[in-house]
file final_16.pdb (PDB, C-alpha atoms)
ATOM      1  CA  MET Z   1     -39.157  29.470 -17.276
ATOM      2  CA  SER Z   2     -37.911  26.985 -14.701
ATOM      3  CA  GLY Z   3     -34.765  26.318 -16.777
ATOM      4  CA  VAL Z   4     -34.076  30.040 -17.096
ATOM      5  CA  MET Z   5     -34.394  30.549 -13.354
ATOM      6  CA  LYS Z   6     -32.036  27.648 -12.628
ATOM      7  CA  ARG Z   7     -29.506  29.037 -15.063
ATOM      8  CA  MET Z   8     -29.722  32.523 -13.550
ATOM      9  CA  GLY Z   9     -29.292  31.030 -10.094
ATOM     10  CA  MET Z  10     -26.229  29.085 -11.192
ATOM     11  CA  ILE Z  11     -24.692  32.187 -12.803
ATOM     12  CA  PHE Z  12     -25.364  34.230  -9.683
ATOM     13  CA  ARG Z  13     -23.789  31.598  -7.430
ATOM     14  CA  ALA Z  14     -20.765  31.311  -9.727
ATOM     15  CA  LYS Z  15     -20.182  35.079  -9.722
ATOM     16  CA  ALA Z  16     -20.739  35.284  -5.975
ATOM     17  CA  ASN Z  17     -18.271  32.447  -5.410
ATOM     18  CA  LYS Z  18     -15.696  34.192  -7.600
ATOM     19  CA  ALA Z  19     -16.172  37.477  -5.738
ATOM     20  CA  LEU Z  20     -15.850  35.739  -2.370
ATOM     21  CA  ASP Z  21     -12.730  33.878  -3.505
ATOM     22  CA  ARG Z  22     -11.163  37.157  -4.615
ATOM     23  CA  ALA Z  23     -12.059  38.877  -1.332
ATOM     24  CA  GLU Z  24     -11.015  35.981   0.913
ATOM     25  CA  ASP Z  25      -7.710  36.262   2.733
ATOM     26  CA  PRO Z  26      -6.409  32.862   3.954
ATOM     27  CA  ARG Z  27      -4.691  34.530   6.905
ATOM     28  CA  GLU Z  28      -7.962  35.993   8.134
ATOM     29  CA  THR Z  29      -9.684  32.617   7.703
ATOM     30  CA  LEU Z  30      -6.981  30.889   9.747
ATOM     31  CA  ASP Z  31      -7.227  33.480  12.504
ATOM     32  CA  TYR Z  32     -11.012  33.063  12.596
ATOM     33  CA  SER Z  33     -10.709  29.267  12.830
ATOM     34  CA  TYR Z  34      -8.173  29.601  15.634
ATOM     35  CA  GLN Z  35     -10.504  31.945  17.487
ATOM     36  CA  LYS Z  36     -13.352  29.426  17.199
ATOM     37  CA  GLN Z  37     -11.140  26.660  18.584
ATOM     38  CA  LEU Z  38     -10.202  28.851  21.527
ATOM     39  CA  GLU Z  39     -13.896  29.459  22.225
ATOM     40  CA  LEU Z  40     -14.575  25.702  22.117
ATOM     41  CA  LEU Z  41     -11.665  25.054  24.462
ATOM     42  CA  GLN Z  42     -13.030  27.669  26.842
ATOM     43  CA  LYS Z  43     -16.432  25.942  26.850
ATOM     44  CA  VAL Z  44     -14.825  22.591  27.657
ATOM     45  CA  ARG Z  45     -12.883  24.157  30.522
ATOM     46  CA  ARG Z  46     -16.076  25.687  31.889
ATOM     47  CA  GLY Z  47     -17.691  22.233  31.694
ATOM     48  CA  VAL Z  48     -14.836  20.737  33.653
ATOM     49  CA  ALA Z  49     -15.187  23.485  36.257
ATOM     50  CA  ASP Z  50     -18.949  22.894  36.549
ATOM     51  CA  VAL Z  51     -18.510  19.141  37.022
ATOM     52  CA  ALA Z  52     -15.774  19.725  39.585
ATOM     53  CA  THR Z  53     -18.095  22.124  41.458
ATOM     54  CA  SER Z  54     -20.907  19.534  41.521
ATOM     55  CA  ARG Z  55     -18.472  16.880  42.749
ATOM     56  CA  LYS Z  56     -17.305  19.163  45.510
ATOM     57  CA  ARG Z  57     -20.881  19.775  46.645
ATOM     58  CA  LEU Z  58     -21.540  16.032  46.822
ATOM     59  CA  GLU Z  59     -18.414  15.584  48.897
ATOM     60  CA  LEU Z  60     -19.642  18.226  51.353
ATOM     61  CA  GLN Z  61     -23.051  16.511  51.570
ATOM     62  CA  LEU Z  62     -21.387  13.142  52.085
ATOM     63  CA  ASN Z  63     -19.255  14.499  54.893
ATOM     64  CA  GLN Z  64     -22.334  16.026  56.476
ATOM     65  CA  LEU Z  65     -24.402  12.812  56.208
ATOM     66  CA  GLN Z  66     -21.534  10.708  57.487
ATOM     67  CA  GLY Z  67     -21.242  13.036  60.462
ATOM     68  CA  GLN Z  68     -24.947  12.705  61.185
ATOM     69  CA  SER Z  69     -24.717   8.913  60.845
ATOM     70  CA  SER Z  70     -21.880   8.770  63.370
ATOM     71  CA  LYS Z  71     -23.818  10.995  65.745
ATOM     72  CA  LEU Z  72     -26.953   8.765  65.537
ATOM     73  CA  GLU Z  73     -24.821   5.704  66.191
ATOM     74  CA  ASP Z  74     -23.391   7.293  69.325
ATOM     75  CA  GLN Z  75     -26.870   8.327  70.473
ATOM     76  CA  GLY Z  76     -28.188   4.774  69.974
ATOM     77  CA  ARG Z  77     -25.387   3.357  72.051
ATOM     78  CA  LYS Z  78     -26.014   5.820  74.853
ATOM     79  CA  ALA Z  79     -29.774   5.120  74.797
ATOM     80  CA  LEU Z  80     -29.145   1.377  74.900
ATOM     81  CA  ALA Z  81     -26.764   1.834  77.849
ATOM     82  CA  LEU Z  82     -29.463   3.730  79.697
ATOM     83  CA  GLY Z  83     -31.976   1.013  79.025
ATOM     84  CA  ARG Z  84     -33.891   2.949  76.451
ATOM     85  CA  GLU Z  85     -34.066   0.349  73.760
ATOM     86  CA  ASP Z  86     -36.838   2.200  71.939
ATOM     87  CA  LEU Z  87     -34.670   5.286  71.537
ATOM     88  CA  ALA Z  88     -31.753   3.177  70.458
ATOM     89  CA  ARG Z  89     -33.912   1.464  67.822
ATOM     90  CA  GLU Z  90     -35.116   4.883  66.490
ATOM     91  CA  ALA Z  91     -31.598   6.195  66.317
ATOM     92  CA  LEU Z  92     -30.465   3.132  64.381
ATOM     93  CA  SER Z  93     -33.441   3.436  62.009
ATOM     94  CA  ARG Z  94     -32.575   7.033  61.201
ATOM     95  CA  ARG Z  95     -28.950   6.044  60.770
ATOM     96  CA  ALA Z  96     -29.986   3.372  58.257
ATOM     97  CA  ALA Z  97     -31.975   5.957  56.237
ATOM     98  CA  LEU Z  98     -28.977   8.292  56.213
ATOM     99  CA  GLN Z  99     -26.736   5.441  55.184
ATOM    100  CA  GLN Z 100     -28.915   4.855  52.127
ATOM    101  CA  GLN Z 101     -28.548   8.511  51.179
ATOM    102  CA  VAL Z 102     -24.804   8.238  51.664
ATOM    103  CA  THR Z 103     -24.695   5.251  49.324
ATOM    104  CA  ASP Z 104     -26.652   7.138  46.638
ATOM    105  CA  LEU Z 105     -24.426  10.200  46.964
ATOM    106  CA  GLU Z 106     -21.297   8.074  46.728
ATOM    107  CA  THR Z 107     -22.616   6.575  43.472
ATOM    108  CA  GLN Z 108     -23.277  10.066  42.086
ATOM    109  CA  HIS Z 109     -19.856  11.188  43.282
ATOM    110  CA  GLN Z 110     -18.143   8.375  41.422
ATOM    111  CA  THR Z 111     -20.119   9.209  38.267
ATOM    112  CA  LEU Z 112     -19.213  12.914  38.458
ATOM    113  CA  GLN Z 113     -15.611  12.048  39.156
ATOM    114  CA  GLY Z 114     -15.515   9.881  36.039
ATOM    115  CA  GLU Z 115     -17.085  12.666  33.935
ATOM    116  CA  GLU Z 116     -14.617  15.148  35.332
ATOM    117  CA  GLU Z 117     -11.683  12.944  34.386
ATOM    118  CA  LYS Z 118     -13.067  12.494  30.855
ATOM    119  CA  LEU Z 119     -13.620  16.229  30.396
ATOM    120  CA  THR Z 120     -10.175  17.008  31.788
ATOM    121  CA  LEU Z 121      -8.567  14.554  29.345
ATOM    122  CA  ALA Z 122     -10.639  16.007  26.479
ATOM    123  CA  ALA Z 123      -9.602  19.534  27.459
ATOM    124  CA  GLN Z 124      -5.944  18.509  27.486
ATOM    125  CA  ARG Z 125      -6.237  16.894  24.058
ATOM    126  CA  LEU Z 126      -8.100  19.897  22.674
ATOM    127  CA  GLN Z 127      -5.460  22.208  24.117
ATOM    128  CA  ALA Z 128      -2.748  20.209  22.351
ATOM    129  CA  LYS Z 129      -4.679  20.417  19.063
ATOM    130  CA  VAL Z 130      -5.202  24.158  19.471
ATOM    131  CA  ASP Z 131      -1.496  24.681  20.144
ATOM    132  CA  ALA Z 132      -0.562  22.592  17.101
ATOM    133  CA  PHE Z 133      -3.064  24.487  14.956
ATOM    134  CA  ARG Z 134      -1.662  27.798  16.157
ATOM    135  CA  THR Z 135       1.864  26.768  15.154
ATOM    136  CA  LYS Z 136       0.662  25.539  11.766
ATOM    137  CA  LYS Z 137      -1.436  28.672  11.322
ATOM    138  CA  GLU Z 138       1.509  30.970  11.889
ATOM    139  CA  THR Z 139       3.647  28.901   9.533
ATOM    140  CA  ILE Z 140       1.023  29.036   6.782
ATOM    141  CA  LYS Z 141       0.520  32.764   7.289
ATOM    142  CA  ALA Z 142       4.254  33.425   7.054
ATOM    143  CA  THR Z 143       4.540  31.274   3.932
ATOM    144  CA  TYR Z 144       1.537  32.971   2.329
ATOM    145  CA  THR Z 145       2.889  36.436   3.119
ATOM    146  CA  ALA Z 146       6.293  35.542   1.661
ATOM    147  CA  ALA Z 147       4.692  34.072  -1.475
ATOM    148  CA  GLN Z 148       2.494  37.142  -1.850
ATOM    149  CA  ALA Z 149       5.487  39.467  -1.546
ATOM    150  CA  GLN Z 150       7.497  37.365  -4.000
ATOM    151  CA  THR Z 151       4.616  37.432  -6.466
ATOM    152  CA  ARG Z 152       4.304  41.198  -6.237
ATOM    153  CA  ILE Z 153       8.050  41.641  -6.719
ATOM    154  CA  GLY Z 154       7.950  39.330  -9.735
ATOM    155  CA  GLU Z 155       5.013  41.218 -11.201
ATOM    156  CA  ALA Z 156       6.800  44.518 -10.621
ATOM    157  CA  PHE Z 157       9.960  43.280 -12.382
ATOM    158  CA  SER Z 158       8.016  41.756 -15.254
ATOM    159  CA  GLY Z 159       5.688  44.744 -15.533
ATOM    160  CA  ILE Z 160       2.495  42.653 -15.538
ATOM    161  CA  SER Z 161       1.092  44.149 -12.337
ATOM    162  CA  GLU Z 162      -1.606  46.789 -12.689
ATOM    163  CA  GLU Z 163       0.438  49.571 -11.074
ATOM    164  CA  MET Z 164       3.615  48.831 -13.026
ATOM    165  CA  GLY Z 165       1.564  48.418 -16.196
ATOM    166  CA  ASP Z 166       0.282  51.978 -15.819
ATOM    167  CA  VAL Z 167       3.821  53.234 -15.189
ATOM    168  CA  GLY Z 168       5.113  51.366 -18.243
ATOM    169  CA  MET Z 169       2.379  52.836 -20.429
ATOM    170  CA  ALA Z 170       3.169  56.341 -19.166
ATOM    171  CA  ILE Z 171       6.880  55.854 -19.926
ATOM    172  CA  GLN Z 172       6.049  54.533 -23.399
ATOM    173  CA  ARG Z 173       3.825  57.531 -24.135
ATOM    174  CA  ALA Z 174       6.545  59.927 -22.937
ATOM    175  CA  GLU Z 175       9.142  58.211 -25.150
ATOM    176  CA  ASP Z 176       6.800  58.319 -28.152
ATOM    177  CA  LYS Z 177       6.121  62.037 -27.684
ATOM    178  CA  THR Z 178       9.844  62.756 -27.248
ATOM    179  CA  ALA Z 179      10.714  60.852 -30.425
ATOM    180  CA  GLN Z 180       7.944  62.669 -32.305
ATOM    181  CA  LEU Z 181       9.216  66.090 -31.169
ATOM    182  CA  GLN Z 182      12.811  65.177 -32.068
ATOM    183  CA  ALA Z 183      11.734  64.054 -35.531
ATOM    184  CA  ARG Z 184       9.734  67.252 -36.030
ATOM    185  CA  ALA Z 185      12.671  69.420 -34.901
ATOM    186  CA  GLY Z 186      15.052  67.591 -37.250
ATOM    187  CA  ALA Z 187      12.666  67.971 -40.184
ATOM    188  CA  ILE Z 188      12.293  71.711 -39.542
ATOM    189  CA  ASP Z 189      16.092  72.154 -39.388
ATOM    190  CA  GLU Z 190      16.474  70.351 -42.722
ATOM    191  CA  LEU Z 191      13.770  72.484 -44.335
ATOM    192  CA  LEU Z 192      15.355  75.701 -43.039
ATOM    193  CA  ALA Z 193      18.801  74.629 -44.285
ATOM    194  CA  SER Z 194      17.461  73.796 -47.729
ATOM    195  CA  GLY Z 195      15.534  77.052 -47.983
ATOM    196  CA  ALA Z 196      12.181  75.379 -48.221
ATOM    197  CA  LEU Z 197      11.131  77.352 -45.136
ATOM    198  CA  ASP Z 198      11.917  80.989 -44.358
ATOM    199  CA  ASP Z 199      13.333  81.952 -40.998
ATOM    200  CA  GLN Z 200      11.030  84.744 -39.797
ATOM    201  CA  SER Z 201      13.440  85.675 -37.018
ATOM    202  CA  GLY Z 202      16.281  86.429 -39.421
ATOM    203  CA  LEU Z 203      18.746  84.372 -37.397
ATOM    204  CA  ALA Z 204      19.228  81.524 -39.887
ATOM    205  CA  LYS Z 205      22.082  81.818 -42.465
ATOM    206  CA  ASP Z 206      22.749  80.047 -45.724
ATOM    207  CA  ASP Z 207      26.038  78.310 -46.576
ATOM    208  CA  ILE Z 208      27.581  81.266 -48.472
ATOM    209  CA  GLN Z 209      26.884  83.741 -45.684
ATOM    210  CA  SER Z 210      28.334  81.349 -43.143
ATOM    211  CA  GLU Z 211      31.556  81.008 -45.181
ATOM    212  CA  LEU Z 212      31.892  84.789 -45.553
ATOM    213  CA  ASP Z 213      31.439  85.280 -41.829
ATOM    214  CA  ARG Z 214      34.112  82.697 -41.139
ATOM    215  CA  LEU Z 215      36.628  84.395 -43.481
ATOM    216  CA  SER Z 216      35.858  87.790 -42.012
ATOM    217  CA  GLY Z 217      36.390  86.456 -38.542
ATOM    218  CA  GLY Z 218      39.765  85.001 -39.554
ATOM    219  CA  THR Z 219      40.928  88.315 -41.062
ATOM    220  CA  ASP Z 220      40.040  90.177 -37.889
ATOM    221  CA  VAL Z 221      42.162  87.776 -35.895
ATOM    222  CA  GLU Z 222      45.156  88.257 -38.214
ATOM    223  CA  LEU Z 223      44.856  92.047 -38.031
ATOM    224  CA  GLU Z 224      44.716  91.956 -34.239
ATOM    225  CA  LEU Z 225      47.801  89.731 -34.181
ATOM    226  CA  GLN Z 226      49.776  92.135 -36.411
ATOM    227  CA  ARG Z 227      48.776  95.082 -34.221
ATOM    228  CA  MET Z 228      50.095  93.360 -31.134
ATOM    229  CA  LYS Z 229      53.402  92.538 -32.902
ATOM    230  CA  ALA Z 230      53.797  96.188 -33.912
ATOM    231  CA  GLU Z 231      53.278  97.385 -30.385
ATOM    232  CA  LEU Z 232      55.975  95.007 -29.163
ATOM    233  CA  ALA Z 233      58.390  96.155 -31.976
ATOM    234  CA  GLY Z 234      57.840  99.846 -31.191
ATOM    235  CA  GLY Z 235      56.296 100.628 -34.572
ATOM    236  CA  SER Z 236      52.878 101.979 -35.379
ATOM    237  CA  PRO Z 237      49.997  99.599 -35.735
ATOM    238  CA  GLN Z 238      49.205 100.899 -39.219
ATOM    239  CA  GLN Z 239      52.744 100.128 -40.499
ATOM    240  CA  ALA Z 240      52.615  96.681 -38.965
ATOM    241  CA  ILE Z 241      49.316  96.015 -40.633
ATOM    242  CA  GLU Z 242      50.551  97.271 -44.029
ATOM    243  CA  GLY Z 243      53.778  95.344 -43.617
ATOM    244  CA  GLY Z 244      51.892  92.250 -42.681
ATOM    245  CA  THR Z 245      49.656  92.635 -45.712
ATOM    246  CA  GLY Z 246      52.560  93.087 -48.119
ATOM    247  CA  GLN Z 247      54.443  90.247 -46.512
ATOM    248  CA  GLY Z 248      51.526  87.977 -47.034
ATOM    249  CA  GLN Z 249      51.508  88.853 -50.773
ATOM    250  CA  THR Z 250      55.277  88.817 -51.751
ATOM    251  CA  GLY Z 251      56.619  86.186 -49.471
ATOM    252  CA  SER Z 252      58.503  85.951 -46.265
ATOM    253  CA  GLN Z 253      60.986  88.800 -45.407
ATOM    254  CA  PRO Z 254      63.264  89.138 -42.422
ATOM    255  CA  GLN Z 255      61.888  91.251 -39.651
ATOM    256  CA  ASP Z 256      63.761  93.685 -37.501
ATOM    257  CA  THR Z 257      64.764  92.345 -34.155
ATOM    258  CA  PRO Z 258      62.884  94.207 -31.446
ATOM    259  CA  ARG Z 259      65.061  96.628 -29.542
ATOM    260  CA  PHE Z 260      64.432  97.699 -26.019
ATOM    261  CA  ASP Z 261      65.946 100.981 -24.878
ATOM    262  CA  LYS Z 262      67.745 100.934 -21.619
ATOM    263  CA  GLN Z 263      66.302 103.202 -19.018
TER     264      GLN Z 263
END
call {"tool": "encode", "arguments": {"input": "final_16.pdb", "output": "C-alpha cells"}}
result
Amino acid sequence: MSGVMKRMGMIFRAKANKALDRAEDPRETLDYSYQKQLELLQKVRRGVADVATSRKRLELQLNQLQGQSSKLEDQGRKALALGREDLAREALSRRAALQQQVTDLETQHQTLQGEEEKLTLAAQRLQAKVDAFRTKKETIKATYTAAQAQTRIGEAFSGISEEMGDVGMAIQRAEDKTAQLQARAGAIDELLASGALDDQSGLAKDDIQSELDRLSGGTDVELELQRMKAELAGGSPQQAIEGGTGQGQTGSQPQDTPRFDKQ
C-alpha cells in the first residue's frame, strides 16, 4: 500500500508539474520577480529613512544637552565669582552628569551614522541590480516574444499548428468531395452517351440525331443565303432557291450581273 501511495504521489506531482510548465509564461515570471525586487528595494529605503530619523533625533538631543552643559558651566562661574562655592560645585556636578549623557549619545550617533552609511550603500547597490535586472528582463521578454511569433509563423507555414491543421483538413475534405462529384458527373455523362442510362428529361441526343440536326442546320443557312442573294438580284426568293439547288447539282453556271435601275 505504501508503494502504491508513493507512486500515485509521484504521478500526481509529475502531471501537476507538466500542467504548471504549460501554463507558465516566462514574461509574467520575470515581471513578478522584478516587482519583488522593487518591494525589497523599497524596504531598504525605508530602513535608511528610519535610521536617518533616529540619527537626527540624537543630534537634537546632543545639541540640547550641550546647551545645558554650557549653561551650567556659566552658572558655576557666576556662583564662584559671587563666593558661592557650594552652588558652583553643584553646577559643575550636574554638568559632569550631562557630559556623560553627551558621551553616550555621541557613541550612539556614530553607530547610527555607520548603519546609515551601510544601508545607503546597500540601497545603491540594490538599485543598480534592479536596474540591470529590468534591462535584462525587457531583453528576454522581447526575445521570447519574437521567438514565439517566429514559431507560430513557422507552424502556420508548415501546417503543424492546431488551427492550421484544422484548416488543412477542411480543405482536404472539400477537395475530396469535389473530386468525388466530378467523377460521378463524368461517369453519368458516359453512361448517358452509351445509352446505358435513359435521359428522363428528353434533352439528351444520340450520335445519329446530333448529325441530322447539324445537317439540317447547315441546309437552313444555305437557303437563307440564297434568299438574300435573290433579293439583291431583284428575283424572287423561290427562283433563287430553285436555281441554287439546281446549281448545286449540275455544276457551276454563270450568274446574271445584278442590275440597278436608275431613279
call {"tool": "closest_residue", "arguments": {"input": "final_16.pdb", "among": "Z:Ser69, Z:Arg125, Z:Thr120, Z:Glu175", "to": "Z:Ala97", "atoms": "only C-alpha atoms"}}
result
Z:Ser69
call {"tool": "residues_around", "arguments": {"input": "final_16.pdb", "residues": "Z:Gln113", "least_positions_apart": "5", "cutoff": "9 Å", "atoms": "all atoms listed in the file", "output": "VMD selection string"}}
result
chain Z and resid 51 to 52 55 108 118
call {"tool": "closest_residue", "arguments": {"input": "final_16.pdb", "among": "Z:Arg152, Z:Lys137, Z:Arg77, Z:Lys177", "to": "Z:Thr29", "atoms": "all atoms listed in the file"}}
result
Z:Lys137
call {"tool": "atom_distance", "arguments": {"input": "final_16.pdb", "atom1": "atom CA of Z:Gln150", "atom2": "atom CA of Z:Tyr32"}}
result
25.2 Å
call {"tool": "closest_residue", "arguments": {"input": "final_16.pdb", "among": "Z:Arg173, Z:Leu112, Z:Gly234, Z:Gln148", "to": "Z:Thr53", "atoms": "all atoms listed in the file"}}
result
Z:Leu112
call {"tool": "atom_distance", "arguments": {"input": "final_16.pdb", "atom1": "atom CA of Z:Arg46", "atom2": "atom CA of Z:Gln101"}}
result
28.7 Å
call {"tool": "atom_distance", "arguments": {"input": "final_16.pdb", "atom1": "atom CA of Z:Val44", "atom2": "atom CA of Z:Asn63"}}
result
28.8 Å
